[in-house]
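J.: After the structure tokens below, expect a handful of questions from me.
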Amino acid sequence: MKVLRNQLVLPINYEVLIDENDPVWKLVEICDTLDYTRLYDEYLRHWRAIDPVVLFEILVFAYMNGIYSSRAIEQACKTDIRFMWLLQGQSAPDHSTFARFQNEKLVGVIEDLFYQLIIKLHKLGEIEFKNIFIDGTKIEANANRYTFVWAKSVEKNLQKLNVKINKELPGLCQKYGLSESASLTDVVEFLLKARDFLGIEFVYGRGKRKTEIQRDYDRIYEYLERIERYHESQAILGTRKSYSKTDLDATFMRMKEDHMRNGQLKPAYNVQIGVESEYIVGVGLFSNPTDTTTLIPFLERLRKNTGRKYFNIIADAGYASEENYTYLEENEQNAFIKPADYEIKKTRKYKSNIYRVENLIYDNDGDFFTCPNSKRLNHAYDSKSKTTNGYEATKSYYICETCEGCPHREKCYKGKYENRKISFSKTMARQKAEATERITADEGNILRQNRSIQVEGAFGVLKQDRDFRRFFVRSKVKTEAQFFMLAFAFNIKKLWNRTNDGRLGVSLFNQPAA
């Protein structure tokens with residue numbers, strides 16, 4: 001029997017076709033309570049084909065379902081009744097509309113909308129601003145893999161070029177009667193004037209014979225261009241060791257997802273998140289691969305956006321440093337950060353090594369160490385050093401009174417000095433002891449278990465379940481905006497899940513200690 005497909009039908013009410021427990025309802029419920037003043041301010045005119053709030057809700061819902069491509073979002077608006085309902089009967093926007101909206105309009109607004117959501121979750125009783133679990137992961141940038149520029153190569157090539165210039169410049173100055181203090185720019189200007197005065201025409205291409213003045217000019221001008229390129233590269237690098245030519249903010253980092261399976265570096269960003277009650281409450285993208293220097297700017301940014309200070313900071317050993325411990329002490333925050341040597345300290349080899357500085361006997365009153373040969377290592381001097389963030393750390397150095405004829409000499413000390421010399425930070429030693437005591441207490445055990453569950457679980461959902469392993473945009477500003485969008489969508493889906501599971505108001509998984 002032939003199906004009649006051209007019958008006249010009334011407009012479909014998509015709302016009745018959507019499951020009453022679908023997450024799109026939770027999305028609209030939360031998004032309708034946000035303040036979009038800053039988003040509307042991004043538009044110069046009041047008339048728009050589609051309301052920016054509608055575009056925002058569609059993008060968030062797409063991210064909630066693991067759809068990141070603007071073309072795929074456009075297709076979903078034509079085939080998925082939930083997207084059609086969000087459009088309220090309007091035609092599906094073109095993919096370029098979504099791309100421009102995300103990369104231009106949302107860039108300066110999404111962070112504000114994200115933290116509005118965090119405050120909303122706090123009012124709902126989901127977030128207490130008490131325990132924050134911090135961790136980082138590396139996500140590949142949207143940059144070509146073999147477009148690296150290395151800081152050492154730039155510096156090396158610049159030095160070689162300067163040596164070459166210093167060797168050739170005096171001869172050129174003498175050749176054209178210029179002063180010995182003349183620079184490359186002075187030589188180029190002189191050669192251009194000589195060309196105009198002599199009526200010489202510079203020629204290029206095959207079969208063209210260059211004059212001696214043009215050959216000198218081309219060579220010197222190339223040197224100037226190369227110097228300018230090297231200086232531009234150094235300005236882009238800053239304190240980094242590398243960057244990508246196709247995404248200047250991306251740094252080459254060693255990734256767990258290695259397409260060549262041989263430990264190659266790939267352009268990426270170090271993505272930091274803070275999680276509380278399974279929600280992502282803070283986001284930060286960094287161009288440096290290590291986590292140590294990211295903690296303080298991450299917490300400062302979080303405090304600025306929320307106006308709140310977390311009581312307990314829980315992180316792994318990658319964040320352990322004297323600077324970070326001191327910062328948390330000064331801000332009256334508890335550092336549940338595992339010391340870098342916490343795991344190795346538990347090994348039998350570490351405990352039985354009587355020559356390690358940590359295992360030497362220290363006399364606090366006399367400020368000296370005693371070595372296995374019962375000799376004293378007396379305090380010699382203090383040394384101060386500054387970190388990249390400007391923190392000044394002090395180390396004390398101790399030298400043994402004599403190592404002559406010591407039977408432990410070969411095992412104890414293989415340095416170049418006659419007597420053993422050790423360095424020791426009293427501040428760091430105290431902070432590590434306090435941190436160890438904190439993380440091994442009952443509260444510390446529960447918080448450390450929750451760190452593994454909550455923040456690593458959040459990364460697992462984003463990278464494995466939502467398949468977000470590579471950014472779709474370039475530059476730090478746009479990639480950070482995209483990750484804020486991803487975190488916003490993650491939180492809406494998490495609120496929906498917790499509502500369905502009856503876990504609202506539950507902030508920790510209280511598991512028995514192992």
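Quick note on naming: the chains in the structure tokens go A, B, ... in the order shown, residues restart at 1 in each chain, and ligands are numbered from 1 in order of appearance.
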As a VMD selection string, please: the residues near range 163-172 of chain A (cut-off 9 Å, only C-alpha atoms, same-chain neighbours under 5 positions excluded).

T.: chain A and resid 158 177 to 184 187 216 220 223

J.: Go ahead and save the residues from that selection, with N, CA, C and O atoms, as a PDB file, in the first residue's frame.

T.:
ATOM      1  N   LEU A 158      70.725  32.791  16.047  1.00  0.00           N
ATOM      2  CA  LEU A 158      70.956  34.231  16.183  1.00  0.00           C
ATOM      3  C   LEU A 158      72.413  34.518  16.542  1.00  0.00           C
ATOM      4  O   LEU A 158      73.022  35.454  16.000  1.00  0.00           O
ATOM      5  N   GLY A 177      83.759  53.048   2.533  1.00  0.00           N
ATOM      6  CA  GLY A 177      84.194  54.261   3.205  1.00  0.00           C
ATOM      7  C   GLY A 177      83.291  54.712   4.333  1.00  0.00           C
ATOM      8  O   GLY A 177      83.177  55.921   4.584  1.00  0.00           O
ATOM      9  N   LEU A 178      82.647  53.765   5.017  1.00  0.00           N
ATOM     10  CA  LEU A 178      81.788  54.102   6.147  1.00  0.00           C
ATOM     11  C   LEU A 178      82.572  54.017   7.444  1.00  0.00           C
ATOM     12  O   LEU A 178      83.630  53.374   7.499  1.00  0.00           O
ATOM     13  N   SER A 179      82.043  54.632   8.502  1.00  0.00           N
ATOM     14  CA  SER A 179      82.738  54.601   9.788  1.00  0.00           C
ATOM     15  C   SER A 179      82.671  53.194  10.386  1.00  0.00           C
ATOM     16  O   SER A 179      81.787  52.393  10.058  1.00  0.00           O
ATOM     17  N   GLU A 180      83.599  52.917  11.282  1.00  0.00           N
ATOM     18  CA  GLU A 180      83.654  51.586  11.895  1.00  0.00           C
ATOM     19  C   GLU A 180      82.445  51.305  12.773  1.00  0.00           C
ATOM     20  O   GLU A 180      82.111  50.144  13.024  1.00  0.00           O
ATOM     21  N   SER A 181      81.771  52.343  13.242  1.00  0.00           N
ATOM     22  CA  SER A 181      80.613  52.171  14.119  1.00  0.00           C
ATOM     23  C   SER A 181      79.301  52.010  13.338  1.00  0.00           C
ATOM     24  O   SER A 181      78.229  51.952  13.939  1.00  0.00           O
ATOM     25  N   ALA A 182      79.372  51.969  12.005  1.00  0.00           N
ATOM     26  CA  ALA A 182      78.170  51.853  11.187  1.00  0.00           C
ATOM     27  C   ALA A 182      77.470  50.518  11.448  1.00  0.00           C
ATOM     28  O   ALA A 182      78.120  49.490  11.638  1.00  0.00           O
ATOM     29  N   SER A 183      76.145  50.529  11.414  1.00  0.00           N
ATOM     30  CA  SER A 183      75.355  49.322  11.624  1.00  0.00           C
ATOM     31  C   SER A 183      74.895  48.750  10.283  1.00  0.00           C
ATOM     32  O   SER A 183      75.126  49.348   9.222  1.00  0.00           O
ATOM     33  N   LEU A 184      74.208  47.606  10.334  1.00  0.00           N
ATOM     34  CA  LEU A 184      73.676  47.004   9.106  1.00  0.00           C
ATOM     35  C   LEU A 184      72.692  47.946   8.434  1.00  0.00           C
ATOM     36  O   LEU A 184      72.681  48.074   7.202  1.00  0.00           O
ATOM     37  N   VAL A 187      74.470  50.575   6.469  1.00  0.00           N
ATOM     38  CA  VAL A 187      75.028  50.035   5.216  1.00  0.00           C
ATOM     39  C   VAL A 187      73.944  49.922   4.165  1.00  0.00           C
ATOM     40  O   VAL A 187      74.138  50.280   2.989  1.00  0.00           O
ATOM     41  N   ASP A 216      75.738  42.911  -2.445  1.00  0.00           N
ATOM     42  CA  ASP A 216      75.979  43.294  -1.051  1.00  0.00           C
ATOM     43  C   ASP A 216      74.675  43.700  -0.365  1.00  0.00           C
ATOM     44  O   ASP A 216      74.433  43.344   0.796  1.00  0.00           O
ATOM     45  N   ILE A 220      73.009  41.833   2.952  1.00  0.00           N
ATOM     46  CA  ILE A 220      72.805  42.558   4.205  1.00  0.00           C
ATOM     47  C   ILE A 220      71.328  42.636   4.557  1.00  0.00           C
ATOM     48  O   ILE A 220      70.939  42.491   5.731  1.00  0.00           O
ATOM     49  N   TYR A 223      70.210  39.499   6.094  1.00  0.00           N
ATOM     50  CA  TYR A 223      70.640  39.419   7.501  1.00  0.00           C
ATOM     51  C   TYR A 223      69.657  40.176   8.415  1.00  0.00           C
ATOM     52  O   TYR A 223      69.288  39.681   9.488  1.00  0.00           O
TER      53      TYR A 223
END

J.: At most 12 Å is the cut-off: for each residue in range 327-443 of chain A with any atom that close to an atom of range 128-152 of chain A, write down the nearest atom pair and the distance in Å rounded to one decimal, counting only C-alpha atoms, chain first then increasing number, as a Markdown table.

T.:
| residue | atom | partner | partner_atom | distance |
| --- | --- | --- | --- | --- |
| A:Gln333 | CA | A:Lys130 | CA | 10.0 |
| A:Asn334 | CA | A:Asn131 | CA | 9.6 |
| A:Ala335 | CA | A:Asn131 | CA | 10.6 |
| A:Phe336 | CA | A:Phe133 | CA | 9.5 |
| A:Ile337 | CA | A:Ile134 | CA | 9.8 |
| A:Glu443 | CA | A:Asn131 | CA | 11.2 |

J.: How would the residues just picked look written out with all heavy atoms as a PDB file, in the first residue's frame?

T.:
ATOM      1  N   GLN A 333      44.759  28.776  53.913  1.00  0.00           N
ATOM      2  CA  GLN A 333      44.127  27.649  53.236  1.00  0.00           C
ATOM      3  C   GLN A 333      44.925  26.383  53.542  1.00  0.00           C
ATOM      4  O   GLN A 333      46.160  26.412  53.576  1.00  0.00           O
ATOM      5  CB  GLN A 333      44.080  27.886  51.719  1.00  0.00           C
ATOM      6  CG  GLN A 333      43.174  29.050  51.324  1.00  0.00           C
ATOM      7  CD  GLN A 333      43.305  29.414  49.852  1.00  0.00           C
ATOM      8  OE1 GLN A 333      44.326  29.952  49.420  1.00  0.00           O
ATOM      9  NE2 GLN A 333      42.263  29.125  49.084  1.00  0.00           N
ATOM     10  N   ASN A 334      44.227  25.284  53.765  1.00  0.00           N
ATOM     11  CA  ASN A 334      44.886  24.024  54.095  1.00  0.00           C
ATOM     12  C   ASN A 334      45.375  23.335  52.833  1.00  0.00           C
ATOM     13  O   ASN A 334      44.587  23.077  51.914  1.00  0.00           O
ATOM     14  CB  ASN A 334      43.926  23.107  54.854  1.00  0.00           C
ATOM     15  CG  ASN A 334      43.542  23.667  56.210  1.00  0.00           C
ATOM     16  OD1 ASN A 334      44.370  24.273  56.889  1.00  0.00           O
ATOM     17  ND2 ASN A 334      42.288  23.477  56.614  1.00  0.00           N
ATOM     18  N   ALA A 335      46.659  23.011  52.810  1.00  0.00           N
ATOM     19  CA  ALA A 335      47.255  22.366  51.640  1.00  0.00           C
ATOM     20  C   ALA A 335      47.255  20.847  51.822  1.00  0.00           C
ATOM     21  O   ALA A 335      48.078  20.306  52.554  1.00  0.00           O
ATOM     22  CB  ALA A 335      48.677  22.875  51.422  1.00  0.00           C
ATOM     23  N   PHE A 336      46.336  20.175  51.142  1.00  0.00           N
ATOM     24  CA  PHE A 336      46.358  18.717  51.090  1.00  0.00           C
ATOM     25  C   PHE A 336      47.058  18.326  49.787  1.00  0.00           C
ATOM     26  O   PHE A 336      46.465  17.757  48.879  1.00  0.00           O
ATOM     27  CB  PHE A 336      44.931  18.157  51.142  1.00  0.00           C
ATOM     28  CG  PHE A 336      44.277  18.303  52.483  1.00  0.00           C
ATOM     29  CD1 PHE A 336      43.591  19.464  52.820  1.00  0.00           C
ATOM     30  CD2 PHE A 336      44.351  17.283  53.423  1.00  0.00           C
ATOM     31  CE1 PHE A 336      42.987  19.607  54.063  1.00  0.00           C
ATOM     32  CE2 PHE A 336      43.761  17.413  54.669  1.00  0.00           C
ATOM     33  CZ  PHE A 336      43.071  18.577  54.984  1.00  0.00           C
ATOM     34  N   ILE A 337      48.323  18.688  49.723  1.00  0.00           N
ATOM     35  CA  ILE A 337      49.145  18.447  48.534  1.00  0.00           C
ATOM     36  C   ILE A 337      50.248  17.464  48.895  1.00  0.00           C
ATOM     37  O   ILE A 337      51.082  17.750  49.760  1.00  0.00           O
ATOM     38  CB  ILE A 337      49.754  19.757  48.001  1.00  0.00           C
ATOM     39  CG1 ILE A 337      48.640  20.756  47.649  1.00  0.00           C
ATOM     40  CG2 ILE A 337      50.624  19.494  46.792  1.00  0.00           C
ATOM     41  CD1 ILE A 337      49.140  22.110  47.204  1.00  0.00           C
ATOM     42  N   GLU A 443      40.712  12.734  57.544  1.00  0.00           N
ATOM     43  CA  GLU A 443      40.166  13.690  56.579  1.00  0.00           C
ATOM     44  C   GLU A 443      40.996  13.700  55.305  1.00  0.00           C
ATOM     45  O   GLU A 443      40.452  13.732  54.192  1.00  0.00           O
ATOM     46  CB  GLU A 443      40.129  15.090  57.193  1.00  0.00           C
ATOM     47  CG  GLU A 443      39.529  16.133  56.263  1.00  0.00           C
ATOM     48  CD  GLU A 443      39.623  17.547  56.819  1.00  0.00           C
ATOM     49  OE1 GLU A 443      40.412  17.755  57.771  1.00  0.00           O
ATOM     50  OE2 GLU A 443      38.919  18.437  56.309  1.00  0.00           O
TER      51      GLU A 443
END

J.: Figure out the distance between CA of Phe484 in chain A and CA of Val271 in chain A, please, to one decimal in Å.

T.: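 Taking CA of Val271 in chain A as the start and CA of Phe484 in chain A as the end point, the length is 10.8 Å.
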
J.: Based on the backbone DSSP call, show me all residues of range 68-129 of chain A assigned alpha helix (DSSP H), as an NGL selection string.

T.: :A and (70-79 or 81-87 or 95-100 or 110-123)

J.: Separation of CA of Leu17 in chain A and CA of Lys494 in chain A, in Å?

T.: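 Pair CA of Leu17 in chain A / CA of Lys494 in chain A returns 23.5 Å.
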
J.: Could you state the separation of CA of Glu74 in chain A and CA of Arg100 in chain A in Å, given to one decimal place?

T.: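 Computing it gives 13.1 Å between the two atoms.
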
J.: Which of range 255-301 of chain A counts as strand (DSSP E) under DSSP, as a PyMOL selection string please?

T.: chain A and resi 265-276+279-286

J.: Kindly indicate which residue among A:Leu237, A:Thr246, A:Ile439, A:Glu418 lies nearest to Asn312 in chain A, using only C-alpha atoms for the distances.

T.: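 Checking each of A:Leu237, A:Thr246, A:Ile439, A:Glu418 against Asn312 in chain A, counting only C-alpha atoms, the winner is A:Ile439.
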
J.: For Val477 in chain A, work out the shell of residues within 10 Å, counting only C-alpha atoms and skipping chain neighbours fewer than 6 positions away, then give it as a list in words.

T.: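 Counting only the stated atoms, we get Asn103, Val107, Gly108, Asp249 and Leu285 of chain A.
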
J.: Given the choices A:Asp363, A:Gly405, A:Arg226, A:Phe101, which gets closest to Lys160 in chain A if the distance is worked out from only C-alpha atoms?

T.: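 Smallest separation from Lys160 in chain A among the options: A:Arg226.
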
J.: Within 7 Å of range 286-302 of chain A, which residues of range 163-252 of chain A come that close, and what is the closest atom pair and distance in Å for each? Count only C-alpha atoms and give it as a tab-separated table.

T.:
residue	atom	partner	partner_atom	distance
A:Arg240	CA	A:Asn288	CA	6.7
A:Asp249	CA	A:Ser287	CA	6.6
A:Ala250	CA	A:Ser287	CA	6.1
A:Thr251	CA	A:Ser287	CA	5.8

J.: Which residue is closest to Cys371 in chain A? Choose from A:Phe459, A:Asn389, A:Arg420, A:Tyr325 and count only C-alpha atoms.

T.: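 Residue with the minimum atom-to-atom distance to Cys371 in chain A: A:Arg420.
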
J.: How close does each residue of range 408-492 of chain A get to range 57-69 of chain A, giving the shortest atom pair and distance in Å to one decimal for every residue with an atom at most 7 Å away, counting only C-alpha atoms, sorted by chain and residue number, as CSV?

T.:
residue,atom,partner,partner_atom,distance
A:Arg466,CA,A:Gly66,CA,4.9
A:Asp467,CA,A:Gly66,CA,6.9
A:Met485,CA,A:Val60,CA,6.7
A:Leu486,CA,A:Tyr63,CA,6.1
A:Ala489,CA,A:Met64,CA,5.0
A:Phe490,CA,A:Met64,CA,6.4

J.: Mind writing the picked residues with C-alpha atoms as a compact mmCIF listing (two decimals), in the first residue's frame?

T.:
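Output (part08.txt):
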# COMPACT_ATOMS: atom_id res chain seq x y z
CA ARG A 466 32.71 13.09 25.35
CA ASP A 467 35.74 12.37 23.10
CA MET A 485 31.85 26.09 27.12
CA LEU A 486 32.75 22.43 27.60
CA ALA A 489 27.91 21.83 29.46
CA PHE A 490 29.57 19.31 31.80
